[in-house]
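Here is the structure we will look at.
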Amino acid sequence: MGIDIRHLRAFVAAVEERSITRAAQRLHITQPALSRTLSALEQQTGAVLLRRSPQGVEATAEGEAFRVRAQHALEAFDEAVRAPAGPPRPLRIGHPWGAFGPFTTPLLRSWRDERPDRPLELVRRDDAMARLEAGEVDACVVRGAPPGSGYGRARLHREERWAALPSGHRLAGRGSLVLADLADEGLLVNTGTGTTDPSMWGAGPRPRVVGDTANVDDWIDLIAAGAGIGVTLGSVALTRRHAEVVYVPLEDAPPVDVHLVWRPGAVHPALESFVATARRITGADRH
């Protein structure tokens with residue numbers, strides 16, 4: 001077959017950029033040259049890999065399956081040809097917020113002490129799982145139910161839930177709360193990366209949803225402005241402090257599991273060691 005590494009790079013760039021123009025700029029080639037490369041790839045594979053429209057390009061079902069294999073091949077190729085004396089590629093861990101919660105600092109310190117030869121990068125993205133699929137990070141922190149069987153995974157720890165209240169709220173001075181205390185409130189939900197919705201209250205009285213956001217920063221700003229209350233996890237209460245928001249622990253709310261997930265077949269050389277370190281630091285092996 002006439003497929004080589006440039007065909008794979010062209011295809012992955014087109015899918016990630018969703019634009020022939022931007023992909024060509026990224027690869028430093030002309031648009032006609034990129035279009036010819038993509039057409040040749042489709043001819044060689046005998047499949048329609050890209051769907052073109054006035055809005056840009058996207059992978060077909062066959063194209064998405066091919067993209068996963070192409071990304072794995074590119075990562076393996078890049079690792080194989082890396083200069084022996086060159087610096088190792090950092091292990092990139094994606095997360096939408098909170099990283100590893102209270103374990104973040106001890107985990108980073110332990111990794112730095114034990115593996116100074118392997119740099120580690122935390123990459124915060126609201127669409128962290130999409131970045132994992134695109135190959136931009138090597139693993140991803142997931143709170144709540146992990147993705148399906150197509151991923152490797154390791155359960156690390158659990159996080160308790162907290163109420164997030166405007167500083168002047170009538171409940172802000174309480175030492176702890178239960179879900180029933182919030183049943184008459186207006187609830188703000190983070191539909192992008194959050195873990196809470198009214199179903200958590202069960203069949204009884206529950207709060208009404210008064211607004212939603214796609215990320216934790218906007219969610220916190222709305223709570224601070226008095227637009228409603230929220231329910232979040234300990235990692236947010238610990239790392240996302242705001243002068244106008246008070247966090248109060250919820251005694252009867254179900255905790256949330258925290259997982260590290262990755263794509264099998266695209267494993268960074270240091271990932272296995274990092275998973276072992278993360279499980280040790282978070283105490284996963286004791287649960």
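Note on naming: chains are A, B, ... as they come in the structure tokens, residues start from 1 per chain, ligands start from 1 in the order shown.
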
Could you pull out the strand (DSSP E or B) residues of range 80-212 of chain A, going by DSSP on the backbone, and write them as a VMD selection string? chain A and resid 91 to 95 120 to 124 139 to 143 152 to 159 161 to 166 177 186 to 190 208 to 212

Q. Near range 204-218 of chain A, within 8 Å and counting only C-alpha atoms, which residues show up once chain neighbours fewer than 6 positions away are dropped, as a list in words?
A.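 The filter keeps Trp97, Asp126, Ala180, Leu182, Ala183, Asp184, Glu185, Gly186, Leu187, Leu188, Val189, Asn190, Thr191, Gly192, Thr193, Gly194, Pro198, Ala227 and Gly228 of chain A.
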
Dump of all heavy atoms for the selected residues, as a compact mmCIF listing (two decimals), in the first residue's frame:
# COMPACT_ATOMS: atom_id res chain seq x y z
N TRP A 97 -11.32 19.97 36.19
CA TRP A 97 -11.13 20.79 37.37
C TRP A 97 -10.65 19.90 38.52
O TRP A 97 -10.91 18.71 38.54
CB TRP A 97 -12.42 21.51 37.81
CG TRP A 97 -13.67 20.68 37.79
CD1 TRP A 97 -14.60 20.66 36.78
CD2 TRP A 97 -14.14 19.76 38.78
NE1 TRP A 97 -15.60 19.78 37.09
CE2 TRP A 97 -15.37 19.22 38.31
CE3 TRP A 97 -13.67 19.34 40.02
CZ2 TRP A 97 -16.11 18.30 39.02
CZ3 TRP A 97 -14.40 18.41 40.74
CH2 TRP A 97 -15.61 17.90 40.24
N ASP A 126 -11.98 21.82 29.86
CA ASP A 126 -13.37 21.48 30.13
C ASP A 126 -13.77 20.21 29.39
O ASP A 126 -14.61 19.45 29.86
CB ASP A 126 -14.29 22.65 29.73
CG ASP A 126 -14.11 23.86 30.64
OD1 ASP A 126 -13.81 23.65 31.84
OD2 ASP A 126 -14.26 25.00 30.17
N ALA A 180 -32.11 17.44 52.27
CA ALA A 180 -33.44 18.02 52.48
C ALA A 180 -33.37 19.51 52.77
O ALA A 180 -34.32 20.26 52.47
CB ALA A 180 -34.15 17.28 53.63
N LEU A 182 -31.81 21.61 51.19
CA LEU A 182 -31.69 22.34 49.93
C LEU A 182 -32.89 22.11 49.01
O LEU A 182 -32.90 22.62 47.89
CB LEU A 182 -30.41 21.89 49.20
CG LEU A 182 -29.11 21.96 50.00
CD1 LEU A 182 -27.96 21.42 49.17
CD2 LEU A 182 -28.82 23.38 50.45
N ALA A 183 -33.89 21.38 49.47
CA ALA A 183 -34.98 20.97 48.59
C ALA A 183 -35.80 22.13 48.06
O ALA A 183 -36.43 22.02 47.00
CB ALA A 183 -35.90 19.97 49.31
N ASP A 184 -35.84 23.25 48.77
CA ASP A 184 -36.63 24.40 48.33
C ASP A 184 -35.78 25.44 47.60
O ASP A 184 -36.28 26.52 47.28
CB ASP A 184 -37.30 25.06 49.54
CG ASP A 184 -38.33 24.16 50.19
OD1 ASP A 184 -38.95 23.36 49.46
OD2 ASP A 184 -38.51 24.25 51.42
N GLU A 185 -34.55 25.13 47.30
CA GLU A 185 -33.64 26.10 46.70
C GLU A 185 -33.66 26.04 45.18
O GLU A 185 -34.09 25.04 44.58
CB GLU A 185 -32.21 25.85 47.20
CG GLU A 185 -32.03 25.98 48.69
CD GLU A 185 -32.15 27.41 49.17
OE1 GLU A 185 -31.89 28.33 48.36
OE2 GLU A 185 -32.52 27.61 50.35
N GLY A 186 -33.16 27.07 44.56
CA GLY A 186 -32.91 27.08 43.12
C GLY A 186 -31.52 26.54 42.86
O GLY A 186 -30.53 27.03 43.40
N LEU A 187 -31.42 25.49 42.04
CA LEU A 187 -30.17 24.77 41.83
C LEU A 187 -29.50 25.18 40.53
O LEU A 187 -30.14 25.19 39.47
CB LEU A 187 -30.44 23.26 41.82
CG LEU A 187 -29.25 22.33 41.65
CD1 LEU A 187 -28.36 22.37 42.90
CD2 LEU A 187 -29.72 20.90 41.38
N LEU A 188 -28.23 25.50 40.59
CA LEU A 188 -27.41 25.75 39.42
C LEU A 188 -26.60 24.48 39.14
O LEU A 188 -25.95 23.95 40.03
CB LEU A 188 -26.46 26.93 39.65
CG LEU A 188 -27.12 28.30 39.79
CD1 LEU A 188 -26.15 29.30 40.39
CD2 LEU A 188 -27.62 28.80 38.44
N VAL A 189 -26.64 24.00 37.90
CA VAL A 189 -25.93 22.77 37.56
C VAL A 189 -24.87 23.06 36.50
O VAL A 189 -25.05 23.91 35.63
CB VAL A 189 -26.89 21.67 37.07
CG1 VAL A 189 -27.84 21.26 38.18
CG2 VAL A 189 -27.68 22.13 35.85
N ASN A 190 -23.79 22.34 36.60
CA ASN A 190 -22.71 22.38 35.61
C ASN A 190 -22.92 21.19 34.69
O ASN A 190 -22.53 20.07 35.02
CB ASN A 190 -21.36 22.34 36.31
CG ASN A 190 -20.19 22.25 35.36
OD1 ASN A 190 -20.36 22.22 34.14
ND2 ASN A 190 -19.00 22.20 35.90
N THR A 191 -23.56 21.41 33.56
CA THR A 191 -23.88 20.31 32.65
C THR A 191 -22.66 19.84 31.87
O THR A 191 -22.69 18.76 31.27
CB THR A 191 -24.98 20.72 31.66
OG1 THR A 191 -24.56 21.91 30.96
CG2 THR A 191 -26.28 21.03 32.40
N GLY A 192 -21.58 20.63 31.85
CA GLY A 192 -20.40 20.22 31.10
C GLY A 192 -19.52 19.24 31.85
O GLY A 192 -19.17 18.18 31.34
N THR A 193 -19.18 19.56 33.10
CA THR A 193 -18.23 18.74 33.84
C THR A 193 -18.69 18.44 35.26
O THR A 193 -17.93 17.90 36.05
CB THR A 193 -16.86 19.44 33.91
OG1 THR A 193 -17.01 20.72 34.57
CG2 THR A 193 -16.29 19.66 32.52
N GLY A 194 -19.94 18.79 35.61
CA GLY A 194 -20.42 18.57 36.95
C GLY A 194 -20.89 17.14 37.20
O GLY A 194 -20.92 16.31 36.29
N PRO A 198 -30.94 17.16 39.86
CA PRO A 198 -32.00 16.97 40.87
C PRO A 198 -32.33 15.53 41.19
O PRO A 198 -32.91 15.25 42.24
CB PRO A 198 -33.20 17.69 40.23
CG PRO A 198 -32.60 18.72 39.33
CD PRO A 198 -31.36 18.07 38.78
N ALA A 227 -27.42 33.79 42.12
CA ALA A 227 -28.37 33.25 41.15
C ALA A 227 -28.94 31.90 41.57
O ALA A 227 -29.93 31.44 41.00
CB ALA A 227 -27.71 33.13 39.77
N GLY A 228 -28.33 31.25 42.55
CA GLY A 228 -28.79 29.94 43.00
C GLY A 228 -27.73 29.30 43.87
O GLY A 228 -26.71 29.92 44.19

With only C-alpha atoms as the counted atoms, please give the residues lying no more than 12 Å from Asp4 in chain A, apart from itself and same-chain residues fewer than 6 positions off, as a PDB file with N, CA and C atoms, in the first residue's frame.
ATOM      1  N   ALA A  10      -1.698  14.030   7.987  1.00  0.00           N
ATOM      2  CA  ALA A  10      -2.656  14.879   7.294  1.00  0.00           C
ATOM      3  C   ALA A  10      -4.075  14.588   7.762  1.00  0.00           C
ATOM      4  N   PHE A  11      -4.402  13.319   7.861  1.00  0.00           N
ATOM      5  CA  PHE A  11      -5.756  12.944   8.249  1.00  0.00           C
ATOM      6  C   PHE A  11      -6.045  13.350   9.694  1.00  0.00           C
ATOM      7  N   THR A  37      -3.470  14.702  -0.623  1.00  0.00           N
ATOM      8  CA  THR A  37      -3.016  13.669   0.308  1.00  0.00           C
ATOM      9  C   THR A  37      -4.192  12.927   0.921  1.00  0.00           C
ATOM     10  N   LEU A  38      -5.226  13.664   1.303  1.00  0.00           N
ATOM     11  CA  LEU A  38      -6.404  13.043   1.900  1.00  0.00           C
ATOM     12  C   LEU A  38      -7.157  12.185   0.887  1.00  0.00           C
ATOM     13  N   ALA A  40      -5.823  10.682  -1.689  1.00  0.00           N
ATOM     14  CA  ALA A  40      -5.012   9.482  -1.908  1.00  0.00           C
ATOM     15  C   ALA A  40      -5.198   8.480  -0.776  1.00  0.00           C
ATOM     16  N   LEU A  41      -5.322   8.991   0.451  1.00  0.00           N
ATOM     17  CA  LEU A  41      -5.528   8.108   1.595  1.00  0.00           C
ATOM     18  C   LEU A  41      -6.864   7.366   1.468  1.00  0.00           C
ATOM     19  N   GLN A  44      -6.569   4.676  -1.132  1.00  0.00           N
ATOM     20  CA  GLN A  44      -5.789   3.517  -0.680  1.00  0.00           C
ATOM     21  C   GLN A  44      -6.574   2.662   0.307  1.00  0.00           C
ATOM     22  N   ALA A  70      -4.733   5.534  13.552  1.00  0.00           N
ATOM     23  CA  ALA A  70      -3.705   6.435  13.032  1.00  0.00           C
ATOM     24  C   ALA A  70      -3.001   7.171  14.168  1.00  0.00           C
ATOM     25  N   ALA A  73      -0.588   4.903  15.826  1.00  0.00           N
ATOM     26  CA  ALA A  73       0.587   4.686  14.980  1.00  0.00           C
ATOM     27  C   ALA A  73       1.519   5.892  15.023  1.00  0.00           C
ATOM     28  N   LEU A  74       0.957   7.085  15.007  1.00  0.00           N
ATOM     29  CA  LEU A  74       1.787   8.293  15.056  1.00  0.00           C
ATOM     30  C   LEU A  74       2.529   8.399  16.383  1.00  0.00           C
ATOM     31  N   PHE A  77       5.317   5.916  16.331  1.00  0.00           N
ATOM     32  CA  PHE A  77       6.379   6.364  15.431  1.00  0.00           C
ATOM     33  C   PHE A  77       7.206   7.467  16.081  1.00  0.00           C
TER      34      PHE A  77
END

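Rounded to one decimal, CA of Ala278 in chain A and CA of Ala99 in chain A lie 11.7 Å from each other.
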
Separation of CA of Gln71 in chain A and CA of Asp127 in chain A, in Å?
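If I compute the distance from CA of Gln71 in chain A to CA of Asp127 in chain A, I get 18.4 Å.
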
Secondary structure check, alpha helix (DSSP H) residues of range 88-274 of chain A, as a short mmCIF file (atom, residue, chain, number, x, y, z; two decimals) with N, CA and C atoms, in the first residue's frame:
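Result saved to part.cif:
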data_model
loop_
_atom_site.label_atom_id
_atom_site.label_comp_id
_atom_site.auth_asym_id
_atom_site.auth_seq_id
_atom_site.Cartn_x
_atom_site.Cartn_y
_atom_site.Cartn_z
N THR A 104 -3.45 16.04 45.07
CA THR A 104 -2.69 16.58 43.94
C THR A 104 -1.26 16.94 44.34
N THR A 105 -1.10 17.74 45.39
CA THR A 105 0.24 18.19 45.78
C THR A 105 1.12 17.02 46.23
N PRO A 106 0.67 16.14 47.14
CA PRO A 106 1.55 15.01 47.50
C PRO A 106 1.86 14.09 46.34
N LEU A 107 0.93 13.94 45.40
CA LEU A 107 1.20 13.10 44.25
C LEU A 107 2.26 13.73 43.35
N LEU A 108 2.15 15.02 43.09
CA LEU A 108 3.15 15.70 42.27
C LEU A 108 4.53 15.67 42.93
N ARG A 109 4.56 15.87 44.23
CA ARG A 109 5.84 15.83 44.95
C ARG A 109 6.46 14.44 44.88
N SER A 110 5.64 13.43 45.12
CA SER A 110 6.15 12.06 45.10
C SER A 110 6.67 11.71 43.71
N TRP A 111 5.93 12.07 42.68
CA TRP A 111 6.36 11.76 41.32
C TRP A 111 7.68 12.47 40.99
N ARG A 112 7.77 13.72 41.37
CA ARG A 112 9.01 14.46 41.10
C ARG A 112 10.20 13.83 41.80
N ASP A 113 10.00 13.37 43.03
CA ASP A 113 11.10 12.77 43.78
C ASP A 113 11.48 11.39 43.23
N GLU A 114 10.47 10.61 42.84
CA GLU A 114 10.72 9.24 42.42
C GLU A 114 11.08 9.11 40.94
N ALA A 128 -11.93 17.51 28.73
CA ALA A 128 -10.74 16.69 28.95
C ALA A 128 -10.84 15.32 28.29
N MET A 129 -12.01 14.69 28.30
CA MET A 129 -12.15 13.38 27.66
C MET A 129 -11.99 13.49 26.14
N ALA A 130 -12.47 14.57 25.56
CA ALA A 130 -12.29 14.77 24.12
C ALA A 130 -10.81 14.96 23.81
N ARG A 131 -10.09 15.62 24.70
CA ARG A 131 -8.64 15.80 24.50
C ARG A 131 -7.93 14.45 24.61
N LEU A 132 -8.42 13.57 25.47
CA LEU A 132 -7.85 12.23 25.55
C LEU A 132 -8.07 11.48 24.24
N GLU A 133 -9.29 11.55 23.71
CA GLU A 133 -9.59 10.88 22.45
C GLU A 133 -8.74 11.44 21.31
N VAL A 216 -16.89 24.98 35.46
CA VAL A 216 -16.96 25.25 36.89
C VAL A 216 -16.76 26.73 37.20
N ASP A 217 -16.00 27.46 36.40
CA ASP A 217 -15.75 28.87 36.69
C ASP A 217 -17.03 29.70 36.59
N ASP A 218 -17.78 29.51 35.49
CA ASP A 218 -19.04 30.24 35.34
C ASP A 218 -20.03 29.83 36.42
N TRP A 219 -20.05 28.56 36.76
CA TRP A 219 -20.93 28.04 37.81
C TRP A 219 -20.68 28.74 39.14
N ILE A 220 -19.41 28.87 39.51
CA ILE A 220 -19.06 29.53 40.77
C ILE A 220 -19.44 31.00 40.72
N ASP A 221 -19.21 31.67 39.60
CA ASP A 221 -19.55 33.09 39.49
C ASP A 221 -21.04 33.32 39.66
N LEU A 222 -21.87 32.43 39.11
CA LEU A 222 -23.32 32.58 39.25
C LEU A 222 -23.76 32.38 40.70
N ILE A 223 -23.15 31.42 41.38
CA ILE A 223 -23.47 31.22 42.80
C ILE A 223 -23.07 32.45 43.60
N ALA A 224 -21.88 32.97 43.34
CA ALA A 224 -21.42 34.17 44.04
C ALA A 224 -22.37 35.35 43.84
N GLY A 234 -15.50 17.76 47.06
CA GLY A 234 -14.48 18.33 47.93
C GLY A 234 -13.33 18.97 47.19
N SER A 235 -13.00 18.46 45.98
CA SER A 235 -11.88 19.04 45.24
C SER A 235 -12.17 20.47 44.82
N VAL A 236 -13.44 20.77 44.51
CA VAL A 236 -13.80 22.15 44.18
C VAL A 236 -13.78 23.01 45.44
N ALA A 237 -14.35 22.49 46.52
CA ALA A 237 -14.34 23.23 47.78
C ALA A 237 -12.92 23.56 48.23
N LEU A 238 -11.98 22.68 47.90
CA LEU A 238 -10.59 22.87 48.30
C LEU A 238 -9.85 23.83 47.39
N THR A 239 -10.08 23.74 46.07
CA THR A 239 -9.24 24.46 45.12
C THR A 239 -9.89 25.67 44.47
N LEU A 271 3.19 5.72 32.06
CA LEU A 271 1.83 5.72 32.60
C LEU A 271 1.63 4.63 33.65
N GLU A 272 2.11 3.44 33.39
CA GLU A 272 1.92 2.34 34.35
C GLU A 272 2.53 2.70 35.70
N SER A 273 3.72 3.29 35.67
CA SER A 273 4.37 3.69 36.91
C SER A 273 3.58 4.80 37.61
N PHE A 274 3.03 5.73 36.83
CA PHE A 274 2.25 6.81 37.42
C PHE A 274 0.98 6.29 38.07
#

One decimal place gives the CA of Ser53 in chain A-CA of Ala24 in chain A separation as 17.0 Å
